[in-house]
>>> print(open('data-v4.cif').read())   # mmCIF, C-alpha atoms and all ligand atoms
data_coords
#
loop_
_atom_site.label_atom_id
_atom_site.label_comp_id
_atom_site.auth_asym_id
_atom_site.auth_seq_id
_atom_site.Cartn_x
_atom_site.Cartn_y
_atom_site.Cartn_z
CA MET A 15 -6.78 47.20 -54.33
CA SER A 16 -3.41 48.77 -53.99
CA GLY A 17 0.04 47.42 -53.89
CA GLY A 18 3.62 47.90 -54.82
CA SER A 19 5.80 46.69 -57.62
CA PHE A 20 5.43 43.20 -59.01
CA TYR A 21 7.68 40.31 -58.12
CA GLN A 22 10.35 39.83 -60.70
CA ARG A 23 9.40 37.52 -63.52
CA ASP A 24 11.26 34.18 -63.43
CA ARG A 25 12.63 34.16 -66.96
CA GLN A 26 14.06 30.63 -66.53
CA TRP A 27 10.56 29.33 -65.84
CA HIS A 28 8.99 30.99 -68.87
CA PRO A 29 9.71 29.76 -72.41
CA ARG A 30 12.97 30.69 -74.09
CA ALA A 31 12.52 33.53 -76.58
CA TYR A 32 14.84 31.80 -79.04
CA ASP A 33 14.23 28.12 -79.67
CA PRO A 34 15.29 26.79 -83.08
CA ALA A 35 12.89 23.84 -82.80
CA TYR A 36 10.08 26.43 -83.01
CA LYS A 37 11.27 27.87 -86.28
CA THR A 38 9.36 31.15 -86.29
CA SER A 39 11.06 32.16 -83.05
CA VAL A 40 14.43 32.24 -84.82
CA THR A 41 13.82 35.60 -86.50
CA ARG A 42 11.35 36.97 -83.96
CA SER A 43 13.28 36.63 -80.70
CA PRO A 44 15.22 39.58 -79.30
CA GLN A 45 18.92 38.80 -79.20
CA LYS A 46 20.04 41.51 -76.84
CA ALA A 47 19.48 41.32 -73.11
CA LEU A 48 16.24 42.74 -71.77
CA ILE A 49 16.84 45.89 -69.74
CA ALA A 50 15.55 45.75 -66.17
CA LEU A 51 12.95 48.43 -65.44
CA ASP A 52 11.90 49.10 -61.87
CA ASN A 53 8.14 49.23 -61.88
CA THR A 54 6.64 52.70 -62.05
CA LEU A 55 2.94 53.58 -62.14
CA SER A 56 3.08 52.83 -65.86
CA GLU A 57 3.65 49.14 -65.10
CA MET A 58 1.73 48.91 -61.80
CA THR A 59 -1.50 50.25 -63.26
CA GLY A 60 -3.46 48.65 -66.06
CA PRO A 61 -6.77 48.91 -67.87
CA VAL A 62 -9.86 47.79 -65.99
CA PHE A 63 -12.78 46.18 -67.76
CA GLY A 64 -16.15 46.16 -66.05
CA HIS A 65 -18.74 43.43 -66.30
CA ASP A 66 -20.71 45.81 -68.53
CA THR A 67 -18.08 45.10 -71.20
CA LEU A 68 -19.55 41.61 -71.56
CA GLY A 69 -22.54 40.39 -73.49
CA PRO A 70 -24.71 37.53 -72.18
CA LEU A 71 -23.17 34.90 -74.50
CA ASP A 72 -19.55 36.05 -74.38
CA ASP A 73 -18.63 33.11 -72.13
CA ASP A 74 -20.58 30.55 -74.15
CA MET A 75 -18.83 29.49 -77.34
CA ILE A 76 -21.47 26.82 -77.90
CA LEU A 77 -24.06 29.53 -78.49
CA ASN A 78 -22.26 32.78 -79.33
CA PHE A 79 -21.83 31.99 -83.04
CA ALA A 80 -24.64 29.45 -83.44
CA LYS A 81 -26.56 30.01 -86.70
CA ASP A 82 -28.88 27.10 -87.39
CA GLY A 83 -27.89 24.70 -84.64
CA GLU A 84 -25.14 24.05 -82.13
CA PRO A 85 -21.53 23.27 -83.03
CA ILE A 86 -20.35 19.68 -83.49
CA GLY A 87 -18.04 18.31 -80.82
CA GLN A 88 -17.51 17.41 -77.20
CA ARG A 89 -19.29 19.84 -74.91
CA ILE A 90 -17.04 21.06 -72.10
CA ILE A 91 -16.91 23.63 -69.33
CA VAL A 92 -13.58 25.24 -68.52
CA HIS A 93 -13.39 26.80 -65.08
CA GLY A 94 -10.81 27.81 -62.53
CA ARG A 95 -9.48 30.74 -60.57
CA VAL A 96 -7.18 33.62 -61.35
CA LEU A 97 -4.70 33.92 -58.48
CA ASP A 98 -1.52 35.84 -57.88
CA GLU A 99 1.78 34.33 -56.74
CA ASP A 100 0.73 34.77 -53.11
CA ALA A 101 -2.36 32.67 -53.87
CA ARG A 102 -4.62 35.70 -53.48
CA PRO A 103 -7.62 35.80 -55.82
CA VAL A 104 -7.45 38.30 -58.67
CA PRO A 105 -10.98 39.63 -59.17
CA GLY A 106 -12.01 41.56 -62.26
CA ALA A 107 -9.45 39.92 -64.54
CA LEU A 108 -10.52 39.98 -68.19
CA ILE A 109 -9.93 36.58 -69.79
CA GLU A 110 -10.15 36.28 -73.57
CA VAL A 111 -10.05 32.84 -75.18
CA TRP A 112 -9.81 31.54 -78.74
CA GLN A 113 -9.55 28.10 -80.23
CA ALA A 114 -9.99 25.77 -83.20
CA ASN A 115 -13.22 23.85 -83.72
CA ALA A 116 -13.71 20.16 -82.93
CA GLY A 117 -11.90 19.20 -86.13
CA GLY A 118 -8.90 21.40 -85.40
CA ARG A 119 -9.83 24.17 -87.83
CA TYR A 120 -9.67 27.89 -87.01
CA ARG A 121 -12.08 30.40 -88.46
CA HIS A 122 -9.41 32.53 -90.11
CA LYS A 123 -8.60 33.66 -93.67
CA LYS A 124 -5.02 32.45 -93.49
CA GLU A 125 -5.90 29.02 -92.13
CA THR A 126 -5.25 26.31 -94.74
CA TYR A 127 -5.93 23.04 -92.86
CA LEU A 128 -8.30 20.84 -94.84
CA ALA A 129 -10.61 20.08 -91.90
CA PRO A 130 -13.93 21.88 -92.42
CA LEU A 131 -15.24 24.97 -90.71
CA ASP A 132 -18.22 24.47 -88.43
CA PRO A 133 -20.92 26.95 -89.47
CA ASN A 134 -22.04 27.21 -85.85
CA PHE A 135 -18.67 27.79 -84.24
CA GLY A 136 -16.76 31.08 -84.15
CA GLY A 137 -14.05 30.19 -81.67
CA CYS A 138 -13.77 33.29 -79.48
CA GLY A 139 -15.09 34.08 -76.03
CA ARG A 140 -14.37 36.13 -72.96
CA THR A 141 -15.25 36.49 -69.31
CA ILE A 142 -14.21 38.40 -66.19
CA SER A 143 -13.17 36.76 -62.92
CA GLY A 144 -15.49 37.16 -59.94
CA PRO A 145 -14.70 38.47 -56.45
CA ASP A 146 -13.04 35.15 -55.53
CA GLY A 147 -11.04 35.07 -58.78
CA SER A 148 -13.24 32.37 -60.27
CA TYR A 149 -14.25 32.20 -63.91
CA ARG A 150 -15.89 29.74 -66.26
CA PHE A 151 -16.91 29.40 -69.86
CA ARG A 152 -18.57 26.79 -72.03
CA THR A 153 -17.24 25.53 -75.33
CA ILE A 154 -16.54 22.45 -77.41
CA LYS A 155 -13.25 20.64 -77.06
CA PRO A 156 -10.86 21.82 -79.79
CA GLY A 157 -9.21 19.24 -82.03
CA PRO A 158 -5.45 18.90 -82.56
CA TYR A 159 -4.15 20.24 -85.87
CA PRO A 160 -1.05 19.99 -88.04
CA TRP A 161 1.07 23.08 -88.55
CA PRO A 162 3.97 24.04 -90.77
CA ASN A 163 7.11 23.75 -88.66
CA GLY A 164 8.70 20.34 -88.96
CA PRO A 165 7.42 18.02 -91.70
CA ASN A 166 4.86 16.42 -89.37
CA ASP A 167 4.23 18.62 -86.34
CA TRP A 168 0.84 18.59 -84.64
CA ARG A 169 -0.42 20.94 -81.97
CA PRO A 170 -2.02 19.22 -79.00
CA ALA A 171 -5.62 20.26 -78.39
CA HIS A 172 -5.43 23.67 -76.73
CA ILE A 173 -7.29 26.85 -75.89
CA HIS A 174 -5.46 30.19 -76.13
CA PHE A 175 -5.85 32.50 -73.11
CA SER A 176 -5.16 36.23 -72.85
CA ILE A 177 -5.35 37.65 -69.32
CA PHE A 178 -5.32 41.18 -67.89
CA GLY A 179 -4.54 41.50 -64.18
CA GLN A 180 -4.49 44.73 -62.23
CA GLY A 181 -1.20 46.01 -63.61
CA PHE A 182 0.04 46.06 -67.18
CA ALA A 183 3.17 44.21 -66.01
CA GLN A 184 0.94 41.20 -65.32
CA ARG A 185 -0.21 40.99 -68.94
CA LEU A 186 -0.04 37.37 -70.04
CA ILE A 187 -0.92 35.19 -73.01
CA THR A 188 -0.71 31.44 -72.63
CA GLN A 189 -2.36 28.19 -73.73
CA MET A 190 -4.33 25.55 -71.87
CA TYR A 191 -3.80 21.88 -72.69
CA PHE A 192 -5.92 18.84 -71.80
CA GLU A 193 -4.99 16.06 -69.41
CA GLY A 194 -3.90 12.87 -71.14
CA ASP A 195 -3.09 14.31 -74.57
CA PRO A 196 0.03 12.52 -75.87
CA LEU A 197 0.72 15.35 -78.34
CA ILE A 198 1.66 17.70 -75.48
CA TRP A 199 5.03 16.02 -75.10
CA LEU A 200 5.73 16.07 -78.86
CA CYS A 201 4.98 19.75 -79.45
CA PRO A 202 7.85 22.17 -80.20
CA ILE A 203 5.82 25.13 -78.90
CA VAL A 204 5.15 23.41 -75.58
CA ALA A 205 8.84 22.46 -75.46
CA THR A 206 9.95 26.10 -75.54
CA ILE A 207 9.18 25.88 -71.79
CA PRO A 208 12.29 24.26 -70.35
CA ASP A 209 10.86 22.89 -67.08
CA LYS A 210 8.45 19.93 -67.08
CA ALA A 211 6.84 21.21 -63.89
CA ALA A 212 6.09 24.50 -65.64
CA ILE A 213 4.49 22.71 -68.59
CA GLU A 214 2.30 20.74 -66.19
CA ARG A 215 0.90 24.04 -64.88
CA LEU A 216 -0.71 24.48 -68.29
CA ILE A 217 -2.42 21.07 -68.39
CA ALA A 218 -6.01 21.15 -67.18
CA PRO A 219 -7.26 18.03 -65.38
CA LEU A 220 -10.64 16.50 -66.04
CA ASP A 221 -12.89 17.63 -63.21
CA MET A 222 -15.73 15.15 -62.81
CA ALA A 223 -17.11 17.00 -59.77
CA ASN A 224 -17.97 20.01 -61.92
CA THR A 225 -19.25 18.01 -64.85
CA VAL A 226 -22.89 18.56 -65.81
CA PRO A 227 -24.28 15.02 -66.01
CA MET A 228 -25.63 14.03 -69.43
CA ASP A 229 -24.44 17.38 -70.86
CA ALA A 230 -20.83 18.60 -70.55
CA ARG A 231 -17.59 17.48 -68.94
CA ALA A 232 -15.49 20.00 -66.98
CA TYR A 233 -11.80 20.84 -67.02
CA LYS A 234 -10.19 22.95 -64.31
CA PHE A 235 -7.59 25.54 -65.26
CA ASP A 236 -6.17 27.88 -62.62
CA ILE A 237 -4.16 30.86 -63.84
CA VAL A 238 -1.43 32.46 -61.76
CA LEU A 239 -0.47 36.08 -62.41
CA ARG A 240 2.50 37.88 -60.92
CA GLY A 241 2.24 38.85 -57.26
CA ARG A 242 3.14 42.26 -55.89
CA ARG A 243 5.10 43.56 -52.98
CA SER A 244 3.43 45.08 -49.98
CA THR A 245 3.85 48.84 -50.08
CA LEU A 246 4.56 48.86 -46.36
CA PHE A 247 8.32 49.02 -46.47
CA GLU A 248 8.88 50.41 -49.93
CA ASN A 249 10.97 53.49 -50.47
CA ARG A 250 8.84 56.55 -50.12
CA MET A 251 8.70 59.21 -52.72
CA GLU A 252 10.93 62.21 -52.17
CA GLY A 253 9.40 64.74 -49.84
CA ASN A 254 6.93 62.36 -48.26
CA MET B 7 14.97 22.11 -44.07
CA VAL B 8 13.53 25.59 -43.76
CA GLN B 9 9.98 26.84 -43.92
CA SER B 10 8.32 27.01 -47.31
CA LEU B 11 7.63 30.40 -48.89
CA ASP B 12 4.27 29.02 -50.02
CA ARG B 13 4.44 31.03 -53.18
CA LEU B 14 2.87 29.95 -56.46
CA LYS B 15 4.70 30.15 -59.75
CA GLU B 16 3.34 32.42 -62.46
CA SER B 17 1.59 30.55 -65.27
CA PRO B 18 4.19 30.16 -67.99
CA SER B 19 3.65 32.15 -71.16
CA GLN B 20 3.02 30.58 -74.55
CA THR B 21 3.07 32.24 -77.94
CA ALA B 22 -0.08 34.05 -79.04
CA GLY B 23 0.19 32.02 -82.25
CA PRO B 24 -0.93 33.04 -85.74
CA TYR B 25 -4.58 33.50 -84.81
CA VAL B 26 -4.42 35.91 -81.87
CA HIS B 27 -6.79 38.17 -83.82
CA ILE B 28 -9.60 35.61 -83.55
CA GLY B 29 -9.65 36.03 -79.79
CA CYS B 30 -8.51 39.61 -79.32
CA THR B 31 -9.87 41.43 -82.39
CA PRO B 32 -12.53 39.06 -83.75
CA ASN B 33 -14.38 41.71 -85.78
CA PHE B 34 -11.12 42.63 -87.50
CA SER B 35 -10.53 38.96 -88.30
CA GLY B 36 -13.98 38.60 -89.86
CA ILE B 37 -15.82 37.00 -86.93
CA GLU B 38 -18.70 39.39 -86.63
CA GLY B 39 -21.69 39.37 -84.36
CA VAL B 40 -20.01 37.84 -81.32
CA PHE B 41 -18.69 41.04 -79.71
CA PRO B 42 -20.19 44.40 -80.72
CA GLN B 43 -16.76 45.98 -81.06
CA ASP B 44 -13.14 44.92 -80.74
CA LEU B 45 -11.58 45.88 -77.43
CA GLY B 46 -9.22 48.85 -77.52
CA THR B 47 -10.38 50.12 -80.92
CA SER B 48 -11.16 53.56 -79.57
CA MET B 49 -9.14 55.21 -76.80
CA LEU B 50 -11.06 58.44 -76.44
CA ASN B 51 -14.20 60.38 -77.18
CA ASP B 52 -14.67 64.01 -78.16
CA GLY B 53 -14.54 65.17 -74.56
CA ALA B 54 -11.03 63.90 -73.92
CA LYS B 55 -8.55 66.53 -72.78
CA GLY B 56 -5.17 66.91 -74.42
CA GLU B 57 -3.45 67.18 -77.75
CA ARG B 58 -4.71 64.68 -80.35
CA ILE B 59 -1.87 62.63 -81.76
CA ARG B 60 -1.44 59.53 -83.88
CA ILE B 61 1.02 56.72 -83.23
CA VAL B 62 1.90 54.52 -86.19
CA GLY B 63 4.49 51.85 -86.83
CA ARG B 64 5.28 48.34 -87.89
CA VAL B 65 6.96 45.38 -86.21
CA PHE B 66 9.90 43.92 -88.15
CA ASP B 67 11.51 40.52 -87.79
CA GLY B 68 15.23 39.79 -88.05
CA VAL B 69 15.22 39.63 -91.84
CA GLY B 70 13.39 42.93 -92.24
CA THR B 71 9.91 41.59 -92.96
CA ALA B 72 7.00 43.42 -91.35
CA LEU B 73 4.85 41.12 -89.21
CA LYS B 74 1.22 40.83 -90.28
CA ASP B 75 0.11 38.56 -87.47
CA ALA B 76 1.18 40.67 -84.50
CA MET B 77 -0.98 42.36 -81.91
CA VAL B 78 0.24 45.58 -80.34
CA GLU B 79 -1.27 47.01 -77.17
CA VAL B 80 -0.63 50.42 -75.67
CA TRP B 81 -1.18 51.74 -72.16
CA GLN B 82 -0.66 55.36 -71.28
CA ALA B 83 -1.57 58.15 -68.89
CA ASP B 84 -4.01 60.92 -69.72
CA ALA B 85 -3.05 64.53 -70.50
CA ASN B 86 -2.49 65.19 -66.78
CA GLY B 87 -0.31 62.12 -66.30
CA LEU B 88 -3.03 60.15 -64.51
CA TYR B 89 -3.93 56.52 -65.17
CA PRO B 90 -7.56 55.32 -65.24
CA SER B 91 -6.83 52.57 -62.73
CA PRO B 92 -7.78 51.76 -59.12
CA GLN B 93 -4.02 51.78 -58.43
CA GLU B 94 -3.91 55.48 -59.31
CA THR B 95 -3.99 57.38 -56.03
CA ARG B 96 -2.94 60.88 -57.17
CA GLY B 97 -6.25 61.93 -58.63
CA THR B 98 -9.01 60.95 -61.01
CA ALA B 99 -8.11 60.31 -64.61
CA ASP B 100 -10.01 61.81 -67.54
CA PRO B 101 -13.26 59.81 -67.87
CA ASN B 102 -13.23 60.47 -71.63
CA PHE B 103 -9.95 58.64 -72.17
CA THR B 104 -9.35 54.91 -71.69
CA GLY B 105 -5.54 54.83 -71.74
CA PHE B 106 -5.69 51.45 -73.48
CA GLY B 107 -5.45 50.68 -77.17
CA ARG B 108 -5.10 47.52 -79.17
CA SER B 109 -4.23 47.14 -82.84
CA ALA B 110 -4.06 44.09 -85.08
CA GLY B 111 -2.13 46.03 -87.71
CA ASP B 112 -3.17 46.54 -91.30
CA MET B 113 -3.93 43.25 -93.06
CA ALA B 114 -1.69 44.12 -96.04
CA THR B 115 1.13 46.19 -94.53
CA GLY B 116 1.15 45.28 -90.86
CA GLU B 117 1.00 48.94 -89.87
CA PHE B 118 -0.54 49.64 -86.47
CA VAL B 119 -2.30 52.94 -85.75
CA PHE B 120 -3.42 54.47 -82.46
CA GLU B 121 -5.48 57.65 -82.35
CA THR B 122 -4.76 58.99 -78.91
CA ILE B 123 -3.60 62.02 -76.94
CA LYS B 124 -0.19 63.03 -75.77
CA PRO B 125 0.25 61.79 -72.19
CA GLY B 126 1.34 64.01 -69.30
CA ASN B 127 4.15 63.30 -66.88
CA VAL B 128 4.12 60.27 -64.62
CA PRO B 129 6.50 60.21 -61.66
CA PHE B 130 9.37 57.79 -61.29
CA LYS B 131 9.36 55.92 -57.99
CA ASP B 132 11.57 58.56 -56.35
CA GLY B 133 9.17 61.32 -57.39
CA ARG B 134 11.19 62.73 -60.30
CA PRO B 135 9.10 63.18 -63.44
CA GLN B 136 9.48 60.68 -66.22
CA ALA B 137 9.36 61.99 -69.76
CA PRO B 138 5.96 61.48 -71.40
CA HIS B 139 5.79 57.92 -72.65
CA VAL B 140 3.50 55.15 -73.84
CA THR B 141 3.95 51.51 -72.82
CA LEU B 142 3.72 48.97 -75.63
CA TRP B 143 3.19 45.24 -75.41
CA ILE B 144 3.78 43.08 -78.48
CA VAL B 145 2.73 39.49 -79.11
CA ALA B 146 2.75 37.37 -82.27
CA ARG B 147 3.46 33.92 -83.62
CA GLY B 148 7.09 33.17 -82.83
CA ILE B 149 7.16 35.47 -79.78
CA ASN B 150 7.10 33.10 -76.82
CA ILE B 151 6.57 35.73 -74.16
CA GLY B 152 5.04 39.18 -74.73
CA LEU B 153 7.53 42.00 -75.23
CA HIS B 154 7.33 45.18 -73.15
CA THR B 155 8.76 48.38 -74.52
CA ARG B 156 8.09 52.11 -74.42
CA LEU B 157 7.58 54.95 -76.83
CA TYR B 158 9.03 58.36 -75.98
CA PHE B 159 8.29 61.46 -78.03
CA GLY B 160 10.88 62.91 -80.41
CA ASP B 161 9.81 66.50 -79.69
CA GLU B 162 10.41 66.13 -75.93
CA GLU B 163 14.18 66.41 -76.09
CA ALA B 164 14.69 68.08 -72.73
CA ALA B 165 12.34 65.73 -70.89
CA ASN B 166 13.88 62.71 -72.58
CA ALA B 167 17.39 63.86 -71.61
CA ALA B 168 16.32 64.10 -67.96
CA ASP B 169 14.29 60.90 -67.91
CA PRO B 170 15.39 58.57 -65.10
CA ILE B 171 14.95 55.43 -67.19
CA LEU B 172 16.39 56.65 -70.49
CA SER B 173 19.37 58.24 -68.77
CA ARG B 174 20.35 54.94 -67.12
CA ILE B 175 20.58 52.96 -70.34
CA GLU B 176 24.18 51.92 -70.77
CA HIS B 177 24.40 51.63 -74.54
CA ARG B 178 23.53 55.19 -75.55
CA SER B 179 23.20 54.31 -79.24
CA ARG B 180 20.19 52.14 -78.39
CA VAL B 181 18.18 54.89 -76.69
CA ALA B 182 17.02 56.13 -80.09
CA THR B 183 15.10 52.87 -80.59
CA LEU B 184 12.63 54.12 -77.96
CA ILE B 185 12.11 57.62 -79.37
CA ALA B 186 9.51 58.22 -82.06
CA PRO B 187 10.13 61.13 -84.43
CA LYS B 188 7.28 63.55 -85.01
CA THR B 189 5.86 64.42 -88.40
CA MET B 190 2.78 66.43 -89.25
CA GLU B 191 0.21 64.58 -91.31
CA GLY B 192 -2.26 67.30 -92.14
CA GLU B 193 -3.29 68.83 -88.83
CA ILE B 194 -2.31 65.97 -86.63
CA ALA B 195 1.03 65.24 -85.02
CA THR B 196 2.06 61.73 -85.98
CA TYR B 197 4.76 59.73 -84.23
CA ARG B 198 6.26 56.90 -86.24
CA HIS B 199 7.49 54.07 -84.06
CA ASP B 200 8.80 50.99 -85.83
CA ILE B 201 9.74 48.04 -83.64
CA PHE B 202 12.68 45.83 -84.59
CA LEU B 203 12.67 42.42 -82.95
CA GLN B 204 16.28 41.70 -83.90
CA GLY B 205 19.33 43.03 -85.63
CA GLU B 206 21.38 46.20 -85.54
CA LYS B 207 18.34 48.36 -84.83
CA GLU B 208 16.86 45.95 -82.26
CA THR B 209 14.40 47.84 -80.09
CA ILE B 210 15.07 47.98 -76.38
CA PHE B 211 12.74 45.59 -74.58
CA PHE B 212 12.27 45.82 -70.85
CA ASP B 213 12.14 43.23 -68.11
CA VAL B 214 9.44 45.02 -66.13
FE FE C 301 -3.70 27.44 -81.65
#
>>> encode(input="data-v4.cif", output="structure tokens", more="lines below")
Ligand SMILES: [Fe+2]
Amino acid sequence: MSGGSFYQRDRQWHPRAYDPAYKTSVTRSPQKALIALDNTLSEMTGPVFGHDTLGPLDDDMILNFAKDGEPIGQRIIVHGRVLDEDARPVPGALIEVWQANAGGRYRHKKETYLAPLDPNFGGCGRTISGPDGSYRFRTIKPGPYPWPNGPNDWRPAHIHFSIFGQGFAQRLITQMYFEGDPLIWLCPIVATIPDKAAIERLIAPLDMANTVPMDARAYKFDIVLRGRRSTLFENRMEGN
Amino acid sequence: MVQSLDRLKESPSQTAGPYVHIGCTPNFSGIEGVFPQDLGTSMLNDGAKGERIRIVGRVFDGVGTALKDAMVEVWQADANGLYPSPQETRGTADPNFTGFGRSAGDMATGEFVFETIKPGNVPFKDGRPQAPHVTLWIVARGINIGLHTRLYFGDEEAANAADPILSRIEHRSRVATLIAPKTMEGEIATYRHDIFLQGEKETIFFDV
């Protein structure tokens, strides 16, 4: 693969850095304007992770922390494709995911929610997209959980995603939500995204066609990374 | 009506949240036995070419508190200025150097540490050399979209002065936020690079 600089990021489409309804953003959002940086090789290249990075259970959160049984909860498959803004597949994209257990509890020292840990659930997984950009992993559906922001804020059920494309400028962390969850539209973190159509891009539909009968339901979640210009008409380097 | 551009929109970002370490550095966060090693823990092996250096720093919020739930990633060229990437067409990068590092920061202090090498020169798009630099990407709870910035080296004064990106920054007083001073800690050159998310010392962040 080769290519030129990445299409400019649409900062009106992405969440606002500063949003007082998400209180932690108040002291953690830059207040000065970002400075535009024409992509150089430092932004157009990025780390590459081969399939040999992965272990056999990395994409199976039902089994990758199982101790004396399988985790409690709704068995699901999450699958989709990693594409760029020109709808081209992005192969070889490392996708890392993390989530709460079925009761909405994270396996983390600083987590204080009273819902119990599941001894058989760790909550992390990873996979790499195939030649057609496709990926999938198996897990249990995470529960919603309360969090300290407003006096009674609840996160909708969600899975965190971290994605590497081909260039470091494509680096993205986002969250996947589940079709039909009424908490999506009450969540201050979701609402940092100003455009309803943008929020809907993060809501995975139930996908009965990919469900494994009598075993696990499927949700489809496509991920779009930044596209890149053709190098054909780009300014050539001096002396070329 | 005109024809459609048929372009997709990038998936919108969401904050990494307070538990990014579960997914990105699970061993650090106490989830052991799932991945053998956290990604980006080691950037080089003994065969790597170049001067060994250490990059350290903390990420501060607008009231001067160091973040303890951030994740910092670095991406840099090897000692010859080459990236280990299929997009790199100028040569083959050092196979003993990954160019990529990831740090969860110290549990108690929030300090991130990268044991790496000093990168060589990478050209600007017009072919002029850029000063040696490291790209940083910072995510945390309360950061709604990952922040891109760069580290330049305090002992590269001449290269920094000629750098095509640094020299175009309008507010000259802010350039210093990108330049890490060098100190010697024992034998090893250490560059301290604190990141300020807000305030008078707010670090320059780039729209890349
Ligand atoms: Fe979460």
>>> atom_distance(input="data-v4.cif", atom1="CA of Ile201 (chain B)", atom2="CA of Leu184 (chain B)")
8.8 Å
>>> closest_residue(input="data-v4.cif", among="A:Gly181, A:Pro160, A:Pro170, A:Pro145", to="chain B", atoms="all atoms listed in the file")
A:Gly181
>>> interface_residues(input="data-v4.cif", of="chain B", to="chain A", cutoff="6 Å", atoms="only C-alpha atoms", output="PyMOL selection string")
chain B and resi 13-20+29+40+67-68+91+93+130-133+148+150+203-204+211-214
>>> write_last_selection(input="data-v4.cif", atoms="C-alpha atoms", output="short mmCIF file (atom, residue, chain, number, x, y, z; two decimals), in the frame of the given file")
data_model
loop_
_atom_site.label_atom_id
_atom_site.label_comp_id
_atom_site.auth_asym_id
_atom_site.auth_seq_id
_atom_site.Cartn_x
_atom_site.Cartn_y
_atom_site.Cartn_z
CA ARG B 13 4.44 31.03 -53.18
CA LEU B 14 2.87 29.95 -56.46
CA LYS B 15 4.70 30.15 -59.75
CA GLU B 16 3.34 32.42 -62.46
CA SER B 17 1.59 30.55 -65.27
CA PRO B 18 4.19 30.16 -67.99
CA SER B 19 3.65 32.15 -71.16
CA GLN B 20 3.02 30.58 -74.55
CA GLY B 29 -9.65 36.03 -79.79
CA VAL B 40 -20.01 37.84 -81.32
CA ASP B 67 11.51 40.52 -87.79
CA GLY B 68 15.23 39.79 -88.05
CA SER B 91 -6.83 52.57 -62.73
CA GLN B 93 -4.02 51.78 -58.43
CA PHE B 130 9.37 57.79 -61.29
CA LYS B 131 9.36 55.92 -57.99
CA ASP B 132 11.57 58.56 -56.35
CA GLY B 133 9.17 61.32 -57.39
CA GLY B 148 7.09 33.17 -82.83
CA ASN B 150 7.10 33.10 -76.82
CA LEU B 203 12.67 42.42 -82.95
CA GLN B 204 16.28 41.70 -83.90
CA PHE B 211 12.74 45.59 -74.58
CA PHE B 212 12.27 45.82 -70.85
CA ASP B 213 12.14 43.23 -68.11
CA VAL B 214 9.44 45.02 -66.13
#
>>> residues_around(input="data-v4.cif", residues="Ser109 (chain B)", least_positions_apart="4", cutoff="8 Å", atoms="all atoms listed in the file", output="list in words")
Gly46, Thr47, Met77, Val78, Glu79, Phe118, Val119 and Phe120 of chain B
>>> closest_atom_pairs(input="data-v4.cif", of="chain B", to="ligand FE 301 (chain C)", cutoff="10 Å", atoms="only C-alpha atoms and all ligand atoms", output="CSV")
residue,atom,partner,partner_atom,distance
B:Thr21,CA,C:FE301,FE,9.1
B:Ala22,CA,C:FE301,FE,8.0
B:Gly23,CA,C:FE301,FE,6.0
B:Pro24,CA,C:FE301,FE,7.5
B:Tyr25,CA,C:FE301,FE,6.9
B:Val26,CA,C:FE301,FE,8.5
B:Arg147,CA,C:FE301,FE,9.9
>>> atom_distance(input="data-v4.cif", atom1="CA of Ile185 (chain B)", atom2="CA of Tyr197 (chain B)")
9.1 Å
>>> atom_distance(input="data-v4.cif", atom1="CA of His139 (chain B)", atom2="CA of Lys207 (chain B)")
19.9 Å
>>> residues_around(input="data-v4.cif", residues="Thr115 (chain B)", least_positions_apart="3", cutoff="8 Å", atoms="all atoms listed in the file", output="PyMOL selection string")
chain B and resi 72+74+111-112
>>> closest_residue(input="data-v4.cif", among="A:Gly94, A:Ile177, A:Asn134, A:Asn166", to="Gly152 (chain B)", atoms="all atoms listed in the file")
A:Ile177
